[in-house]
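These notes concern the structure reproduced below.
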Amino acid sequence: MLSPQARFDDGKLDVVMASGLTRGGVVRELSRIHSGGHVANPKVTIKQGQVVRIETFSPEDAMPLEADGNVRGVTPVQFRCCRARYGCGVESKEQKG
């Protein structure tokens, strides 16, 4: 599980970040995701929030954003978790310049 403590009904988004991993480290952690073992690595952190904004230092460094295996846009972007009548939905709002 990418974020083992994530709940679909808590009104929060879970963001999993990995920083400072080598290519070999990325491969190793990817193989541990299904068991949740990657969360034991101190270079992997999980944060929660109702609003998550992802941006880069400059527009030239914009990162593609993927959802369900498809590229949906580029940074900057902001996500907000909103409680839906039948569960929790995610509203995405791309920020322009």
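Ordered as shown in the structure tokens, chains take letters A, B, and onward, while each chain numbers its residues from 1 and ligands are numbered from 1 in the order shown.
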request  = With a distance cut-off of 6 Å and only C-alpha atoms, select the neighbouring residues of range 19-35 of chain A, excluding the residue or stretch itself and same-chain residues fewer than 6 positions from it, and output the selection as a list in words.
outcome  =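 Skipping anything fewer than 6 positions along the chain leaves Met1, Leu2 and Lys43 of chain A.
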Contact table range 2-29 of chain A vs range 53-66 of chain A, cut-off 12 Å, shortest pair per residue, only C-alpha atoms, as CSV:
```
residue,atom,partner,partner_atom,distance
A:Leu13,CA,A:Arg53,CA,11.1
A:Val15,CA,A:Ile54,CA,10.3
A:Met17,CA,A:Ile54,CA,11.5
```
Saved selection, atoms kept: all heavy atoms, as a PDB file, in the first residue's frame:
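Wrote it out as part_0.pdb, contents follow:
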```pdb
ATOM      1  N   LEU A  13      -6.148  14.179   2.189  1.00  0.00           N
ATOM      2  CA  LEU A  13      -5.335  13.595   1.135  1.00  0.00           C
ATOM      3  C   LEU A  13      -4.017  13.143   1.749  1.00  0.00           C
ATOM      4  O   LEU A  13      -3.471  13.825   2.607  1.00  0.00           O
ATOM      5  CB  LEU A  13      -5.049  14.625   0.037  1.00  0.00           C
ATOM      6  CG  LEU A  13      -6.272  15.149  -0.706  1.00  0.00           C
ATOM      7  CD1 LEU A  13      -5.899  16.377  -1.521  1.00  0.00           C
ATOM      8  CD2 LEU A  13      -6.832  14.068  -1.596  1.00  0.00           C
ATOM      9  N   VAL A  15      -0.107  12.357   1.005  1.00  0.00           N
ATOM     10  CA  VAL A  15       0.948  12.628   0.030  1.00  0.00           C
ATOM     11  C   VAL A  15       2.189  11.855   0.454  1.00  0.00           C
ATOM     12  O   VAL A  15       2.697  12.051   1.563  1.00  0.00           O
ATOM     13  CB  VAL A  15       1.259  14.136  -0.057  1.00  0.00           C
ATOM     14  CG1 VAL A  15       2.370  14.398  -1.062  1.00  0.00           C
ATOM     15  CG2 VAL A  15       0.011  14.924  -0.402  1.00  0.00           C
ATOM     16  N   MET A  17       6.079  11.188  -0.181  1.00  0.00           N
ATOM     17  CA  MET A  17       7.233  11.843  -0.803  1.00  0.00           C
ATOM     18  C   MET A  17       8.490  11.040  -0.529  1.00  0.00           C
ATOM     19  O   MET A  17       8.663  10.521   0.577  1.00  0.00           O
ATOM     20  CB  MET A  17       7.398  13.247  -0.227  1.00  0.00           C
ATOM     21  CG  MET A  17       6.211  14.143  -0.473  1.00  0.00           C
ATOM     22  SD  MET A  17       6.282  15.673   0.478  1.00  0.00           S
ATOM     23  CE  MET A  17       5.860  15.083   2.107  1.00  0.00           C
TER      24      MET A  17
END
```
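Shortest atom-to-atom contact with Val16 in chain A among A:Val39, A:Ile46, A:Val77, A:Val52: A:Ile46, counting only C-alpha atoms.
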List every residue of chain A that DSSP, applied to the backbone, labels as alpha helix (DSSP H), and write the result as a compact mmCIF listing (two decimals) with all heavy atoms, in the first residue's frame.
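Contents of result28.txt, freshly written:
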```
# COMPACT_ATOMS: atom_id res chain seq x y z
N ARG A 23 18.89 5.78 -7.84
CA ARG A 23 18.07 4.95 -8.73
C ARG A 23 17.83 3.57 -8.14
O ARG A 23 16.73 3.05 -8.18
CB ARG A 23 18.71 4.83 -10.11
CG ARG A 23 18.63 6.09 -10.90
CD ARG A 23 19.19 5.90 -12.28
NE ARG A 23 19.19 7.18 -12.97
CZ ARG A 23 19.61 7.36 -14.18
NH1 ARG A 23 20.07 6.33 -14.88
NH2 ARG A 23 19.58 8.54 -14.74
N GLY A 24 18.87 3.00 -7.57
CA GLY A 24 18.73 1.70 -6.92
C GLY A 24 17.79 1.77 -5.73
O GLY A 24 17.00 0.85 -5.49
N GLY A 25 17.85 2.88 -4.99
CA GLY A 25 16.95 3.07 -3.86
C GLY A 25 15.50 3.18 -4.29
O GLY A 25 14.60 2.65 -3.63
N VAL A 26 15.26 3.85 -5.42
CA VAL A 26 13.90 3.96 -5.95
C VAL A 26 13.38 2.57 -6.32
O VAL A 26 12.26 2.20 -5.96
CB VAL A 26 13.86 4.90 -7.17
CG1 VAL A 26 12.51 4.81 -7.87
CG2 VAL A 26 14.15 6.33 -6.75
N VAL A 27 14.18 1.79 -7.01
CA VAL A 27 13.77 0.43 -7.40
C VAL A 27 13.48 -0.41 -6.16
O VAL A 27 12.48 -1.12 -6.10
CB VAL A 27 14.85 -0.23 -8.28
CG1 VAL A 27 14.54 -1.71 -8.51
CG2 VAL A 27 14.97 0.50 -9.61
N ARG A 28 14.33 -0.31 -5.16
CA ARG A 28 14.13 -1.08 -3.93
C ARG A 28 12.82 -0.69 -3.24
O ARG A 28 12.05 -1.53 -2.82
CB ARG A 28 15.32 -0.87 -2.99
CG ARG A 28 15.24 -1.70 -1.71
CD ARG A 28 16.49 -1.61 -0.85
NE ARG A 28 16.99 -0.24 -0.65
CZ ARG A 28 18.05 0.29 -1.26
NH1 ARG A 28 18.76 -0.43 -2.12
NH2 ARG A 28 18.43 1.52 -1.02
N GLU A 29 12.57 0.62 -3.13
CA GLU A 29 11.35 1.06 -2.46
C GLU A 29 10.10 0.73 -3.26
O GLU A 29 9.06 0.40 -2.69
CB GLU A 29 11.41 2.56 -2.13
CG GLU A 29 12.50 2.92 -1.16
CD GLU A 29 12.55 2.06 0.08
OE1 GLU A 29 11.49 1.68 0.64
OE2 GLU A 29 13.67 1.73 0.53
N LEU A 30 10.19 0.79 -4.58
CA LEU A 30 9.03 0.41 -5.41
C LEU A 30 8.65 -1.04 -5.17
O LEU A 30 7.47 -1.39 -5.15
CB LEU A 30 9.33 0.64 -6.90
CG LEU A 30 9.32 2.10 -7.34
CD1 LEU A 30 9.78 2.21 -8.80
CD2 LEU A 30 7.94 2.71 -7.17
N SER A 31 9.65 -1.89 -4.95
CA SER A 31 9.34 -3.31 -4.72
C SER A 31 8.74 -3.53 -3.34
O SER A 31 8.14 -4.57 -3.09
CB SER A 31 10.60 -4.16 -4.90
OG SER A 31 11.53 -3.89 -3.87
N ARG A 32 8.90 -2.57 -2.42
CA ARG A 32 8.37 -2.73 -1.06
C ARG A 32 7.01 -2.05 -0.86
O ARG A 32 6.41 -2.18 0.21
CB ARG A 32 9.38 -2.14 -0.07
CG ARG A 32 10.69 -2.89 -0.07
CD ARG A 32 11.76 -2.21 0.70
NE ARG A 32 11.26 -1.62 1.95
CZ ARG A 32 12.04 -1.16 2.90
NH1 ARG A 32 13.35 -1.20 2.78
NH2 ARG A 32 11.54 -0.63 3.99
```
inquiry  = Considering only strand (DSSP E) as DSSP defines it on the backbone, what residues of chain A qualify? List them as JSON, numbers by chain.
reply    = {"A": [13, 14, 15, 16, 17, 18, 44, 45, 46, 47, 48, 49, 51, 52, 53, 54, 64, 65, 66, 67, 70, 71, 72, 73, 74, 77, 78, 79, 80, 81, 82, 83, 84, 87, 88, 89, 90, 91, 92, 93, 94]}
Take the selection from the previous step and output its residues with C-alpha atoms, as a PDB file, in the first residue's frame.
```pdb
ATOM      1  CA  LEU A  13      -5.335  13.595   1.135  1.00  0.00           C
ATOM      2  CA  ASP A  14      -2.226  11.515   1.800  1.00  0.00           C
ATOM      3  CA  VAL A  15       0.948  12.628   0.030  1.00  0.00           C
ATOM      4  CA  VAL A  16       3.862  10.194  -0.138  1.00  0.00           C
ATOM      5  CA  MET A  17       7.233  11.843  -0.803  1.00  0.00           C
ATOM      6  CA  ALA A  18      10.645  10.304  -1.377  1.00  0.00           C
ATOM      7  CA  VAL A  44      10.158   8.431   2.581  1.00  0.00           C
ATOM      8  CA  THR A  45       7.664  10.708   4.333  1.00  0.00           C
ATOM      9  CA  ILE A  46       3.876  10.807   4.364  1.00  0.00           C
ATOM     10  CA  LYS A  47       1.947  14.003   5.015  1.00  0.00           C
ATOM     11  CA  GLN A  48      -1.791  14.621   5.186  1.00  0.00           C
ATOM     12  CA  GLY A  49      -3.884  17.663   4.429  1.00  0.00           C
ATOM     13  CA  VAL A  51      -5.496  21.034   0.594  1.00  0.00           C
ATOM     14  CA  VAL A  52      -2.300  20.003  -1.198  1.00  0.00           C
ATOM     15  CA  ARG A  53      -0.394  22.325  -3.522  1.00  0.00           C
ATOM     16  CA  ILE A  54       2.422  21.060  -5.716  1.00  0.00           C
ATOM     17  CA  PRO A  64       3.837  16.315 -15.299  1.00  0.00           C
ATOM     18  CA  LEU A  65       1.056  15.140 -12.983  1.00  0.00           C
ATOM     19  CA  GLU A  66      -0.244  11.625 -13.318  1.00  0.00           C
ATOM     20  CA  ALA A  67      -3.548  10.254 -12.065  1.00  0.00           C
ATOM     21  CA  ASN A  70      -2.600   9.167 -17.310  1.00  0.00           C
ATOM     22  CA  VAL A  71      -0.903  12.559 -17.504  1.00  0.00           C
ATOM     23  CA  ARG A  72      -3.532  15.098 -16.409  1.00  0.00           C
ATOM     24  CA  GLY A  73      -1.527  18.317 -16.476  1.00  0.00           C
ATOM     25  CA  VAL A  74       1.593  19.982 -15.145  1.00  0.00           C
ATOM     26  CA  VAL A  77      -1.572  22.391  -9.196  1.00  0.00           C
ATOM     27  CA  GLN A  78      -3.718  22.350  -6.102  1.00  0.00           C
ATOM     28  CA  PHE A  79      -5.888  19.502  -4.842  1.00  0.00           C
ATOM     29  CA  ARG A  80      -8.624  19.823  -2.253  1.00  0.00           C
ATOM     30  CA  CYS A  81     -10.431  16.957  -0.607  1.00  0.00           C
ATOM     31  CA  CYS A  82     -14.147  17.512  -0.413  1.00  0.00           C
ATOM     32  CA  ARG A  83     -16.597  15.205   1.248  1.00  0.00           C
ATOM     33  CA  ALA A  84     -19.010  13.814  -1.283  1.00  0.00           C
ATOM     34  CA  GLY A  87     -17.661   9.020   0.098  1.00  0.00           C
ATOM     35  CA  CYS A  88     -14.825  11.437  -0.452  1.00  0.00           C
ATOM     36  CA  GLY A  89     -14.060  13.072  -3.785  1.00  0.00           C
ATOM     37  CA  VAL A  90     -11.036  15.047  -4.914  1.00  0.00           C
ATOM     38  CA  GLU A  91     -11.325  18.347  -6.687  1.00  0.00           C
ATOM     39  CA  SER A  92      -8.285  19.489  -8.635  1.00  0.00           C
ATOM     40  CA  LYS A  93      -7.696  23.095  -9.592  1.00  0.00           C
ATOM     41  CA  GLU A  94      -4.772  23.885 -11.858  1.00  0.00           C
TER      42      GLU A  94
END
```
inquiry  = For a test of reading the model, state the distance in Å between CA of Asp9 in chain A and CA of His38 in chain A, rounded to one decimal.
reply    =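 Distance reported for this atom pair: 23.5 Å.
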